[in-house]
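Participant: This is protein15.cif (mmCIF, C-alpha atoms and all ligand atoms).
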data_work
#
loop_
_atom_site.group_PDB
_atom_site.id
_atom_site.type_symbol
_atom_site.label_atom_id
_atom_site.label_comp_id
_atom_site.auth_asym_id
_atom_site.auth_seq_id
_atom_site.Cartn_x
_atom_site.Cartn_y
_atom_site.Cartn_z
ATOM 1 C CA MET A 27 14.747 -51.065 50.882
ATOM 2 C CA SER A 28 13.860 -48.295 53.318
ATOM 3 C CA ILE A 29 10.912 -46.049 52.767
ATOM 4 C CA ARG A 30 11.841 -42.593 51.719
ATOM 5 C CA GLN A 31 10.530 -39.715 53.798
ATOM 6 C CA ASP A 32 9.987 -36.424 52.007
ATOM 7 C CA ARG A 33 10.784 -33.230 53.850
ATOM 8 C CA ASN A 34 7.901 -30.771 53.965
ATOM 9 C CA ILE A 35 8.017 -27.003 54.313
ATOM 10 C CA VAL A 36 7.687 -25.998 57.973
ATOM 11 C CA GLU A 37 8.212 -22.265 57.490
ATOM 12 C CA THR A 38 8.211 -19.901 54.517
ATOM 13 C CA LEU A 39 10.070 -16.602 54.437
ATOM 14 C CA VAL A 40 9.938 -13.899 51.791
ATOM 15 C CA GLY A 41 13.197 -12.137 50.990
ATOM 16 C CA ARG A 42 13.005 -8.451 51.878
ATOM 17 C CA ALA A 43 14.680 -5.479 50.211
ATOM 18 C CA ALA A 44 17.706 -4.286 52.171
ATOM 19 C CA SER A 45 20.870 -2.287 51.732
ATOM 20 C CA ASP A 46 24.349 -3.162 52.981
ATOM 21 C CA GLY A 47 27.966 -2.128 52.465
ATOM 22 C CA ASP A 48 28.103 1.267 50.717
ATOM 23 C CA GLY A 49 24.493 1.311 49.578
ATOM 24 C CA VAL A 50 24.386 -2.027 47.779
ATOM 25 C CA LYS A 51 20.783 -3.007 47.184
ATOM 26 C CA LEU A 52 20.014 -6.620 47.926
ATOM 27 C CA ILE A 53 17.402 -9.093 49.046
ATOM 28 C CA ARG A 54 17.972 -10.332 52.597
ATOM 29 C CA VAL A 55 16.377 -13.757 52.519
ATOM 30 C CA PHE A 56 17.071 -14.325 56.206
ATOM 31 C CA GLY A 57 19.564 -13.117 58.762
ATOM 32 C CA GLY A 58 20.038 -11.246 61.984
ATOM 33 C CA GLN A 59 16.825 -12.450 63.583
ATOM 34 C CA GLY A 60 16.341 -15.891 65.070
ATOM 35 C CA PRO A 61 19.427 -17.448 63.442
ATOM 36 C CA GLU A 62 18.879 -20.509 65.666
ATOM 37 C CA ARG A 63 16.062 -21.549 63.334
ATOM 38 C CA PHE A 64 18.484 -21.905 60.432
ATOM 39 C CA ASP A 65 21.406 -23.376 62.421
ATOM 40 C CA PRO A 66 24.213 -23.561 61.172
ATOM 41 C CA PHE A 67 23.259 -20.852 58.655
ATOM 42 C CA LEU A 68 23.200 -17.241 59.829
ATOM 43 C CA MET A 69 22.274 -15.225 56.766
ATOM 44 C CA LEU A 70 21.464 -15.449 53.063
ATOM 45 C CA ASP A 71 21.544 -12.456 50.736
ATOM 46 C CA GLU A 72 20.723 -12.359 47.044
ATOM 47 C CA PHE A 73 22.047 -9.431 45.052
ATOM 48 C CA GLY A 74 20.967 -8.818 41.502
ATOM 49 C CA SER A 75 20.775 -5.650 39.440
ATOM 50 C CA ASP A 76 21.725 -4.259 36.055
ATOM 51 C CA GLN A 77 21.724 -0.724 37.470
ATOM 52 C CA ALA A 78 25.259 0.216 38.478
ATOM 53 C CA ALA A 79 23.936 2.615 41.136
ATOM 54 C CA ASP A 80 22.556 -0.418 43.008
ATOM 55 C CA TYR A 81 25.970 -2.049 43.456
ATOM 56 C CA ILE A 82 28.765 0.365 42.536
ATOM 57 C CA GLY A 83 29.494 1.327 46.174
ATOM 58 C CA GLY A 84 30.441 -2.259 46.939
ATOM 59 C CA PHE A 85 31.505 -3.388 50.379
ATOM 60 C CA PRO A 86 34.476 -1.275 51.504
ATOM 61 C CA SER A 87 36.830 -2.503 54.233
ATOM 62 C CA HIS A 88 34.962 -4.244 57.072
ATOM 63 C CA PRO A 89 35.660 -6.960 59.669
ATOM 64 C CA HIS A 90 34.246 -10.411 60.398
ATOM 65 C CA ARG A 91 34.826 -12.830 63.294
ATOM 66 C CA GLY A 92 33.469 -16.240 64.225
ATOM 67 C CA PHE A 93 31.959 -17.689 61.019
ATOM 68 C CA GLU A 94 32.393 -18.348 57.282
ATOM 69 C CA THR A 95 31.072 -16.486 54.264
ATOM 70 C CA VAL A 96 30.360 -18.072 50.898
ATOM 71 C CA THR A 97 29.903 -15.812 47.897
ATOM 72 C CA TYR A 98 28.507 -17.445 44.764
ATOM 73 C CA MET A 99 28.499 -15.291 41.655
ATOM 74 C CA LEU A 100 26.019 -15.808 38.819
ATOM 75 C CA GLU A 101 26.893 -12.667 36.883
ATOM 76 C CA GLY A 102 29.396 -9.861 37.245
ATOM 77 C CA ARG A 103 32.819 -9.423 38.800
ATOM 78 C CA MET A 104 33.887 -8.511 42.323
ATOM 79 C CA LEU A 105 37.381 -8.060 43.740
ATOM 80 C CA HIS A 106 38.131 -9.351 47.232
ATOM 81 C CA GLU A 107 41.117 -7.906 49.133
ATOM 82 C CA ASP A 108 41.962 -8.664 52.749
ATOM 83 C CA HIS A 109 44.473 -7.792 55.463
ATOM 84 C CA LEU A 110 46.346 -11.050 54.814
ATOM 85 C CA GLY A 111 47.260 -9.781 51.365
ATOM 86 C CA ASN A 112 44.823 -12.044 49.518
ATOM 87 C CA ARG A 113 43.464 -10.623 46.286
ATOM 88 C CA GLY A 114 40.894 -12.602 44.389
ATOM 89 C CA LEU A 115 38.644 -11.845 41.452
ATOM 90 C CA LEU A 116 35.191 -13.363 41.727
ATOM 91 C CA GLU A 117 33.849 -14.198 38.299
ATOM 92 C CA PRO A 118 30.494 -15.449 36.985
ATOM 93 C CA GLY A 119 30.043 -19.026 38.182
ATOM 94 C CA GLY A 120 32.860 -18.775 40.730
ATOM 95 C CA VAL A 121 32.789 -19.048 44.501
ATOM 96 C CA GLN A 122 34.699 -17.418 47.296
ATOM 97 C CA TRP A 123 34.828 -19.351 50.559
ATOM 98 C CA MET A 124 36.128 -17.237 53.409
ATOM 99 C CA THR A 125 36.698 -18.472 56.946
ATOM 100 C CA ALA A 126 36.769 -15.368 59.122
ATOM 101 C CA GLY A 127 37.891 -17.344 62.184
ATOM 102 C CA ARG A 128 39.390 -14.998 64.809
ATOM 103 C CA GLY A 129 39.230 -12.129 62.375
ATOM 104 C CA ILE A 130 39.505 -10.882 58.843
ATOM 105 C CA ILE A 131 39.242 -7.375 57.444
ATOM 106 C CA HIS A 132 38.339 -7.278 53.788
ATOM 107 C CA SER A 133 36.661 -5.381 51.004
ATOM 108 C CA GLU A 134 34.448 -6.693 48.212
ATOM 109 C CA MET A 135 34.298 -4.231 45.332
ATOM 110 C CA PRO A 136 32.603 -4.457 41.935
ATOM 111 C CA GLN A 137 34.942 -4.581 38.947
ATOM 112 C CA GLN A 138 32.458 -3.135 36.472
ATOM 113 C CA ASP A 139 30.549 0.110 36.150
ATOM 114 C CA SER A 140 27.711 -1.242 34.029
ATOM 115 C CA GLY A 141 25.934 -4.508 33.337
ATOM 116 C CA LEU A 142 24.446 -7.189 35.486
ATOM 117 C CA MET A 143 25.741 -8.104 38.949
ATOM 118 C CA ARG A 144 24.068 -11.141 40.407
ATOM 119 C CA GLY A 145 24.798 -13.713 43.085
ATOM 120 C CA PHE A 146 24.423 -14.870 46.664
ATOM 121 C CA GLN A 147 26.216 -14.570 49.961
ATOM 122 C CA LEU A 148 25.632 -17.190 52.630
ATOM 123 C CA TRP A 149 26.961 -16.997 56.202
ATOM 124 C CA ILE A 150 27.737 -20.295 57.912
ATOM 125 C CA ASN A 151 28.446 -20.438 61.637
ATOM 126 C CA LEU A 152 31.564 -22.048 63.072
ATOM 127 C CA PRO A 153 31.507 -24.324 66.129
ATOM 128 C CA ALA A 154 32.785 -22.670 69.325
ATOM 129 C CA ALA A 155 36.023 -24.638 69.128
ATOM 130 C CA GLU A 156 36.780 -23.234 65.654
ATOM 131 C CA LYS A 157 35.706 -19.616 66.004
ATOM 132 C CA MET A 158 39.179 -18.344 66.942
ATOM 133 C CA GLN A 159 41.141 -20.280 64.313
ATOM 134 C CA PRO A 160 43.320 -18.249 61.937
ATOM 135 C CA ALA A 161 41.438 -16.698 59.020
ATOM 136 C CA GLY A 162 41.420 -18.554 55.720
ATOM 137 C CA TYR A 163 40.389 -17.786 52.183
ATOM 138 C CA GLN A 164 39.726 -19.827 49.044
ATOM 139 C CA ASP A 165 38.955 -18.619 45.548
ATOM 140 C CA LEU A 166 37.250 -21.265 43.456
ATOM 141 C CA PRO A 167 37.073 -20.595 39.705
ATOM 142 C CA PRO A 168 33.977 -21.331 37.595
ATOM 143 C CA ALA A 169 35.720 -24.443 36.199
ATOM 144 C CA ASP A 170 35.375 -26.047 39.670
ATOM 145 C CA PHE A 171 31.578 -26.013 39.261
ATOM 146 C CA PRO A 172 30.675 -27.895 36.092
ATOM 147 C CA ALA A 173 26.972 -27.991 35.250
ATOM 148 C CA HIS A 174 25.919 -31.653 35.466
ATOM 149 C CA ARG A 175 23.061 -32.558 33.165
ATOM 150 C CA LEU A 176 20.719 -35.027 34.874
ATOM 151 C CA THR A 177 18.542 -37.563 33.078
ATOM 152 C CA ASN A 178 15.309 -35.584 33.539
ATOM 153 C CA GLY A 179 16.651 -32.408 31.970
ATOM 154 C CA ALA A 180 17.628 -30.771 35.258
ATOM 155 C CA THR A 181 21.018 -29.146 35.681
ATOM 156 C CA LEU A 182 23.062 -29.365 38.881
ATOM 157 C CA LYS A 183 26.045 -27.476 40.245
ATOM 158 C CA VAL A 184 27.561 -28.641 43.526
ATOM 159 C CA ILE A 185 29.226 -25.896 45.531
ATOM 160 C CA ALA A 186 29.780 -27.898 48.715
ATOM 161 C CA GLY A 187 29.298 -31.477 49.890
ATOM 162 C CA ASP A 188 28.143 -34.552 47.980
ATOM 163 C CA VAL A 189 24.829 -35.607 46.490
ATOM 164 C CA GLN A 190 23.672 -38.856 44.936
ATOM 165 C CA LEU A 191 21.462 -38.535 41.880
ATOM 166 C CA ASP A 192 20.833 -40.847 38.927
ATOM 167 C CA GLY A 193 22.945 -43.499 40.670
ATOM 168 C CA GLN A 194 25.986 -41.271 40.686
ATOM 169 C CA THR A 195 27.732 -39.200 43.353
ATOM 170 C CA TYR A 196 28.372 -35.574 42.513
ATOM 171 C CA SER A 197 30.911 -33.832 44.745
ATOM 172 C CA GLY A 198 31.639 -30.156 45.202
ATOM 173 C CA PRO A 199 35.105 -28.749 45.859
ATOM 174 C CA ILE A 200 34.241 -27.733 49.439
ATOM 175 C CA GLN A 201 34.526 -30.726 51.761
ATOM 176 C CA GLY A 202 35.470 -31.614 55.320
ATOM 177 C CA LYS A 203 33.766 -28.770 57.197
ATOM 178 C CA SER A 204 32.393 -29.378 60.710
ATOM 179 C CA THR A 205 28.986 -28.084 59.628
ATOM 180 C CA GLU A 206 28.899 -30.577 56.703
ATOM 181 C CA PRO A 207 27.452 -28.024 54.290
ATOM 182 C CA LEU A 208 25.587 -29.239 51.220
ATOM 183 C CA TYR A 209 25.104 -26.363 48.795
ATOM 184 C CA LEU A 210 23.459 -27.051 45.422
ATOM 185 C CA ASP A 211 22.344 -24.802 42.576
ATOM 186 C CA LEU A 212 19.577 -26.502 40.584
ATOM 187 C CA HIS A 213 17.782 -25.647 37.362
ATOM 188 C CA LEU A 214 14.601 -27.572 36.698
ATOM 189 C CA PRO A 215 12.792 -27.445 33.358
ATOM 190 C CA ALA A 216 9.081 -26.580 33.497
ATOM 191 C CA GLY A 217 7.266 -29.462 35.165
ATOM 192 C CA GLY A 218 10.562 -31.213 35.968
ATOM 193 C CA GLU A 219 10.854 -33.254 39.159
ATOM 194 C CA LEU A 220 13.803 -34.228 41.262
ATOM 195 C CA ALA A 221 14.135 -36.251 44.484
ATOM 196 C CA ILE A 222 17.324 -35.228 46.231
ATOM 197 C CA PRO A 223 18.605 -37.292 49.157
ATOM 198 C CA VAL A 224 19.606 -35.037 52.072
ATOM 199 C CA ALA A 225 20.866 -36.769 55.230
ATOM 200 C CA GLU A 226 18.356 -36.687 58.077
ATOM 201 C CA HIS A 227 20.688 -35.028 60.591
ATOM 202 C CA LEU A 228 21.089 -31.913 58.419
ATOM 203 C CA ASN A 229 18.896 -28.827 58.566
ATOM 204 C CA ALA A 230 17.701 -28.031 55.047
ATOM 205 C CA LEU A 231 16.546 -24.888 53.235
ATOM 206 C CA ILE A 232 15.318 -24.239 49.705
ATOM 207 C CA TYR A 233 15.544 -20.792 48.141
ATOM 208 C CA VAL A 234 13.779 -20.287 44.805
ATOM 209 C CA TYR A 235 15.335 -17.469 42.772
ATOM 210 C CA GLU A 236 13.425 -17.991 39.520
ATOM 211 C CA GLY A 237 10.100 -19.630 38.768
ATOM 212 C CA GLU A 238 8.224 -21.590 41.396
ATOM 213 C CA VAL A 239 8.339 -25.089 42.814
ATOM 214 C CA GLU A 240 6.157 -27.512 44.702
ATOM 215 C CA LEU A 241 7.764 -29.421 47.541
ATOM 216 C CA GLY A 242 7.147 -32.417 49.701
ATOM 217 C CA SER A 243 4.473 -35.016 49.428
ATOM 218 C CA GLY A 244 1.379 -36.327 51.122
ATOM 219 C CA SER A 245 -1.863 -34.450 51.317
ATOM 220 C CA GLN A 246 -0.273 -31.017 51.721
ATOM 221 C CA PRO A 247 2.532 -30.345 49.279
ATOM 222 C CA GLY A 248 3.897 -26.844 49.761
ATOM 223 C CA LYS A 249 4.560 -24.220 47.140
ATOM 224 C CA LEU A 250 7.483 -21.815 46.991
ATOM 225 C CA ARG A 251 7.389 -18.835 44.699
ATOM 226 C CA SER A 252 10.339 -16.836 43.417
ATOM 227 C CA LYS A 253 12.280 -15.070 46.221
ATOM 228 C CA HIS A 254 10.732 -17.347 48.832
ATOM 229 C CA LEU A 255 12.719 -19.496 51.237
ATOM 230 C CA GLY A 256 11.350 -22.725 52.626
ATOM 231 C CA ARG A 257 12.725 -24.159 55.832
ATOM 232 C CA LEU A 258 12.245 -27.896 55.609
ATOM 233 C CA GLY A 259 11.257 -30.386 58.287
ATOM 234 C CA GLU A 260 12.390 -33.908 59.025
ATOM 235 C CA GLY A 261 13.002 -36.491 56.361
ATOM 236 C CA ASP A 262 15.722 -37.898 54.155
ATOM 237 C CA THR A 263 14.630 -36.611 50.747
ATOM 238 C CA VAL A 264 13.830 -33.237 49.221
ATOM 239 C CA SER A 265 11.306 -33.676 46.398
ATOM 240 C CA VAL A 266 10.892 -30.666 44.142
ATOM 241 C CA ARG A 267 8.712 -30.139 41.101
ATOM 242 C CA ALA A 268 8.995 -27.050 38.916
ATOM 243 C CA GLY A 269 5.838 -25.149 38.009
ATOM 244 C CA GLU A 270 4.779 -24.096 34.524
ATOM 245 C CA SER A 271 8.054 -22.374 33.784
ATOM 246 C CA ASP A 272 11.681 -23.245 34.463
ATOM 247 C CA ALA A 273 12.763 -22.948 38.073
ATOM 248 C CA ARG A 274 16.136 -22.096 39.575
ATOM 249 C CA LEU A 275 16.783 -22.790 43.219
ATOM 250 C CA LEU A 276 19.416 -23.248 45.884
ATOM 251 C CA LEU A 277 19.311 -26.232 48.203
ATOM 252 C CA ILE A 278 21.319 -25.507 51.340
ATOM 253 C CA ALA A 279 21.738 -27.998 54.176
ATOM 254 C CA GLY A 280 24.088 -28.323 57.134
ATOM 255 C CA ARG A 281 24.642 -29.918 60.524
ATOM 256 C CA PRO A 282 23.146 -27.789 63.289
ATOM 257 C CA LEU A 283 25.672 -26.768 65.948
ATOM 258 C CA ARG A 284 23.115 -26.307 68.764
ATOM 259 C CA GLU A 285 25.322 -23.768 70.494
ATOM 260 C CA PRO A 286 24.306 -20.342 71.785
ATOM 261 C CA ILE A 287 24.532 -17.587 69.164
ATOM 262 C CA VAL A 288 25.288 -13.981 70.029
ATOM 263 C CA GLN A 289 25.591 -11.738 66.993
ATOM 264 C CA TYR A 290 26.628 -8.117 66.697
ATOM 265 C CA GLY A 291 26.754 -7.188 63.018
ATOM 266 C CA PRO A 292 29.757 -8.956 61.476
ATOM 267 C CA PHE A 293 30.784 -10.684 64.739
ATOM 268 C CA VAL A 294 29.099 -13.975 65.638
ATOM 269 C CA MET A 295 30.161 -15.639 68.884
ATOM 270 C CA ASN A 296 28.622 -17.743 71.666
ATOM 271 C CA ARG A 297 28.669 -15.285 74.552
ATOM 272 C CA ARG A 298 28.217 -11.555 75.070
ATOM 273 C CA GLU A 299 31.707 -11.154 76.550
ATOM 274 C CA GLU A 300 33.193 -12.620 73.385
ATOM 275 C CA ILE A 301 31.357 -9.994 71.324
ATOM 276 C CA GLU A 302 32.616 -7.222 73.613
ATOM 277 C CA GLN A 303 36.124 -8.626 73.164
ATOM 278 C CA ALA A 304 35.696 -8.644 69.373
ATOM 279 C CA VAL A 305 34.661 -4.990 69.400
ATOM 280 C CA LEU A 306 37.610 -4.082 71.679
ATOM 281 C CA ASP A 307 40.000 -6.064 69.483
ATOM 282 C CA TYR A 308 38.708 -4.389 66.340
ATOM 283 C CA ARG A 309 39.003 -0.897 67.827
ATOM 284 C CA ALA A 310 42.533 -1.673 69.022
ATOM 285 C CA GLY A 311 43.511 -2.926 65.577
ATOM 286 C CA ARG A 312 44.148 -6.477 66.770
ATOM 287 C CA LEU A 313 40.996 -8.266 65.565
ATOM 288 C CA ALA A 314 42.865 -9.993 62.819
ATOM 289 C CA SER A 315 46.385 -10.105 64.219
HETATM 290 FE FE FE B 1 32.357 -9.252 54.151
#
Write out the structure in this file as structure tokens.
Ligand code: FE
Facilitator:
Amino acid sequence: MSIRQDRNIVETLVGRAASDGDGVKLIRVFGGQGPERFDPFLMLDEFGSDQAADYIGGFPSHPHRGFETVTYMLEGRMLHEDHLGNRGLLEPGGVQWMTAGRGIIHSEMPQQDSGLMRGFQLWINLPAAEKMQPAGYQDLPPADFPAHRLTNGATLKVIAGDVQLDGQTYSGPIQGKSTEPLYLDLHLPAGGELAIPVAEHLNALIYVYEGEVELGSGSQPGKLRSKHLGRLGEGDTVSVRAGESDARLLLIAGRPLREPIVQYGPFVMNRREEIEQAVLDYRAGRLAS
């Protein structure tokens, strides 16, 4: 039997208040700066408010090129519409997986004028060879993400990839991507522990959205408080222990692409000229054609 190596925290980031779309208030956990550190992930936003004024403006029509977006709803309803004629209602517990590829123009608008709106949007890069593929879109209903009850009282939802826990493999509906994303939503009871195997070749991040957790092992276990992101170092296991109250966290891992990244807002390519082309294409109305 091989010796397990726990991944420790190598960098901690605190989500910062930001505004995007038409004045939607959100927490930008990371994004825009130094995306190479989080390769293949480009951005993570958390949105959460019960004040309609914080989200009612939504995200009116806007373009994307060169990557994928994953929207995971905890509470509230959003309507996605795009230039391909797709229309999808995002509901609590559901996921939208959008591959912008060579170009998509879409809107994401709230379908409620009161109550709680809460969720996450993650941007995942595409390898150079896949950036100009045709756009694609998948709506995954809440039923695709059953809450698995683990033996220690923890609850697991698998959004993408596979994970082995309690001698069983849990698989999410998103599979077969070049970046091999593993995307888990975990609830740990107070004091609960979990050792999650995460393949060594994947870059791994933990984002705590409620409570706090302790991570890693050895003489210097690290702590992550609510709204903190931990970028994890080498190893094959992510060991988490909840603090004195319940903890809710995302575990996000993926295969780094190790390709140059040039980003201009919603366009993420490898070279400057490709960004200039994206801007020209968008202005000429042919970004997504
Ligand atoms: Fe968008």
Participant: What residues have any atom no more than 10 Å from ligand FE 1 (chain B) when counting only C-alpha atoms and all ligand atoms, and can you list them as an mmCIF file with C-alpha atoms, in the coordinates of the input?
Facilitator:
data_model
loop_
_atom_site.group_PDB
_atom_site.id
_atom_site.type_symbol
_atom_site.label_atom_id
_atom_site.label_comp_id
_atom_site.auth_asym_id
_atom_site.auth_seq_id
_atom_site.Cartn_x
_atom_site.Cartn_y
_atom_site.Cartn_z
ATOM 1 C CA GLY A 47 27.966 -2.128 52.465
ATOM 2 C CA PHE A 85 31.505 -3.388 50.379
ATOM 3 C CA PRO A 86 34.476 -1.275 51.504
ATOM 4 C CA SER A 87 36.830 -2.503 54.233
ATOM 5 C CA HIS A 88 34.962 -4.244 57.072
ATOM 6 C CA PRO A 89 35.660 -6.960 59.669
ATOM 7 C CA HIS A 90 34.246 -10.411 60.398
ATOM 8 C CA GLU A 94 32.393 -18.348 57.282
ATOM 9 C CA THR A 95 31.072 -16.486 54.264
ATOM 10 C CA VAL A 96 30.360 -18.072 50.898
ATOM 11 C CA THR A 97 29.903 -15.812 47.897
ATOM 12 C CA HIS A 106 38.131 -9.351 47.232
ATOM 13 C CA ASP A 108 41.962 -8.664 52.749
ATOM 14 C CA MET A 124 36.128 -17.237 53.409
ATOM 15 C CA ALA A 126 36.769 -15.368 59.122
ATOM 16 C CA ILE A 130 39.505 -10.882 58.843
ATOM 17 C CA ILE A 131 39.242 -7.375 57.444
ATOM 18 C CA HIS A 132 38.339 -7.278 53.788
ATOM 19 C CA SER A 133 36.661 -5.381 51.004
ATOM 20 C CA GLU A 134 34.448 -6.693 48.212
ATOM 21 C CA GLN A 147 26.216 -14.570 49.961
ATOM 22 C CA TRP A 149 26.961 -16.997 56.202
ATOM 23 C CA PRO A 292 29.757 -8.956 61.476
#
Participant: Determine, counting only C-alpha atoms, which protein, DNA and RNA residues have an atom within 7 Å of an atom of range 277-279 of chain A; residues of the same chain fewer than 5 positions away are not included. Present the result as a short mmCIF file (atom, residue, chain, number, x, y, z; two decimals) with C-alpha atoms, in the coordinates of the input.
Facilitator:
data_model
loop_
_atom_site.label_atom_id
_atom_site.label_comp_id
_atom_site.auth_asym_id
_atom_site.auth_seq_id
_atom_site.Cartn_x
_atom_site.Cartn_y
_atom_site.Cartn_z
CA PRO A 207 27.45 -28.02 54.29
CA LEU A 208 25.59 -29.24 51.22
CA TYR A 209 25.10 -26.36 48.80
CA LEU A 210 23.46 -27.05 45.42
CA ASP A 211 22.34 -24.80 42.58
CA LEU A 228 21.09 -31.91 58.42
CA ASN A 229 18.90 -28.83 58.57
CA ALA A 230 17.70 -28.03 55.05
CA LEU A 231 16.55 -24.89 53.24
CA ILE A 232 15.32 -24.24 49.70
CA TYR A 233 15.54 -20.79 48.14
#
Participant: Mind listing as a count of residues only all residues within 12 Å of (35.3, -28.1, 51.4), counting all atoms listed in the file?
Facilitator: 30
Participant: Separation of CA of Lys249 in chain A and CA of Ile150 in chain A, in Å?
Facilitator: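 These two atoms are separated by 25.9 Å.
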Participant: In Å to one decimal, how far is CA of Gly119 in chain A from CA of Arg33 in chain A?
Facilitator: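 Straight-line distance from CA of Arg33 in chain A to CA of Gly119 in chain A works out to 28.6 Å.
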Participant: Starting from the displayed file, determine the output of the PyMOL selection byres (((chain A and resi 242) around 10) and not hetatm) and express the residue list as an MDAnalysis selection string.
Facilitator: chainID A and resid 31:35 221 240:241 243:249 258:259 261 263:267
Participant: When the PyMOL selection byres (((chain A and resi 289) around 12) and not hetatm) is applied to the structure above, which residues does it catch, written out as a PyMOL selection string?
Facilitator: chain A and resi 57-62+68-69+90-93+151+286-288+290-302+304-305
Participant: Pick from A:Pro168, A:Gly127, A:Gly41, A:Pro118: nearest to Leu152 in chain A, with all atoms listed in the file counted?
Facilitator: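 Closest to Leu152 in chain A of all the choices is A:Gly127.
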Participant: Find, counting all atoms listed in the file, the residue in A:Pro153, A:Asp262, A:Gln138, A:Val234 that gets nearest to Arg281 in chain A.
Facilitator: A:Pro153
Participant: Compile the contact shell of Thr38 in chain A as a PDB file with C-alpha atoms, in the frame of the given file: residues with an atom at most 8 Å away, counting all atoms listed in the file, same-chain residues fewer than 3 positions apart removed.
Facilitator:
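And here is the file that came out, part_24.pdb:
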ATOM      1  CA  ILE A  35       8.017 -27.003  54.313  1.00  0.00           C
ATOM      2  CA  LEU A 250       7.483 -21.815  46.991  1.00  0.00           C
ATOM      3  CA  HIS A 254      10.732 -17.347  48.832  1.00  0.00           C
ATOM      4  CA  LEU A 255      12.719 -19.496  51.237  1.00  0.00           C
ATOM      5  CA  GLY A 256      11.350 -22.725  52.626  1.00  0.00           C
ATOM      6  CA  ARG A 257      12.725 -24.159  55.832  1.00  0.00           C
TER       7      ARG A 257
END
Participant: Can you complete the atoms of range 131-142 of chain A to N, CA, C and O atoms and list them as a tab-separated table (two decimals), in the frame of the given file?
Facilitator:
chain	number	residue	atom	x	y	z
A	131	ILE	N	39.73	-8.69	57.87
A	131	ILE	CA	39.24	-7.38	57.44
A	131	ILE	C	39.40	-7.36	55.93
A	131	ILE	O	40.50	-7.57	55.41
A	132	HIS	N	38.26	-7.19	55.25
A	132	HIS	CA	38.34	-7.28	53.79
A	132	HIS	C	37.39	-6.29	53.12
A	132	HIS	O	36.56	-5.65	53.76
A	133	SER	N	37.59	-6.17	51.81
A	133	SER	CA	36.66	-5.38	51.00
A	133	SER	C	36.21	-6.25	49.84
A	133	SER	O	36.91	-7.19	49.44
A	134	GLU	N	35.01	-5.98	49.35
A	134	GLU	CA	34.45	-6.69	48.21
A	134	GLU	C	33.90	-5.62	47.28
A	134	GLU	O	32.88	-5.01	47.56
A	135	MET	N	34.66	-5.36	46.19
A	135	MET	CA	34.30	-4.23	45.33
A	135	MET	C	34.02	-4.66	43.90
A	135	MET	O	34.75	-5.46	43.32
A	136	PRO	N	32.94	-4.10	43.31
A	136	PRO	CA	32.60	-4.46	41.94
A	136	PRO	C	33.71	-4.04	40.96
A	136	PRO	O	34.36	-3.01	41.16
A	137	GLN	N	33.93	-4.87	39.96
A	137	GLN	CA	34.94	-4.58	38.95
A	137	GLN	C	34.27	-4.26	37.62
A	137	GLN	O	34.72	-4.69	36.57
A	138	GLN	N	33.18	-3.52	37.69
A	138	GLN	CA	32.46	-3.14	36.47
A	138	GLN	C	31.61	-1.92	36.84
A	138	GLN	O	31.23	-1.75	38.00
A	139	ASP	N	31.39	-1.05	35.85
A	139	ASP	CA	30.55	0.11	36.15
A	139	ASP	C	29.27	0.10	35.31
A	139	ASP	O	28.56	1.09	35.21
A	140	SER	N	29.00	-1.05	34.70
A	140	SER	CA	27.71	-1.24	34.03
A	140	SER	C	27.45	-2.74	33.92
A	140	SER	O	28.35	-3.54	34.20
A	141	GLY	N	26.25	-3.09	33.53
A	141	GLY	CA	25.93	-4.51	33.34
A	141	GLY	C	25.39	-5.15	34.59
A	141	GLY	O	25.22	-4.52	35.63
A	142	LEU	N	25.13	-6.43	34.44
A	142	LEU	CA	24.45	-7.19	35.49
A	142	LEU	C	25.41	-7.70	36.55
A	142	LEU	O	26.48	-8.22	36.24
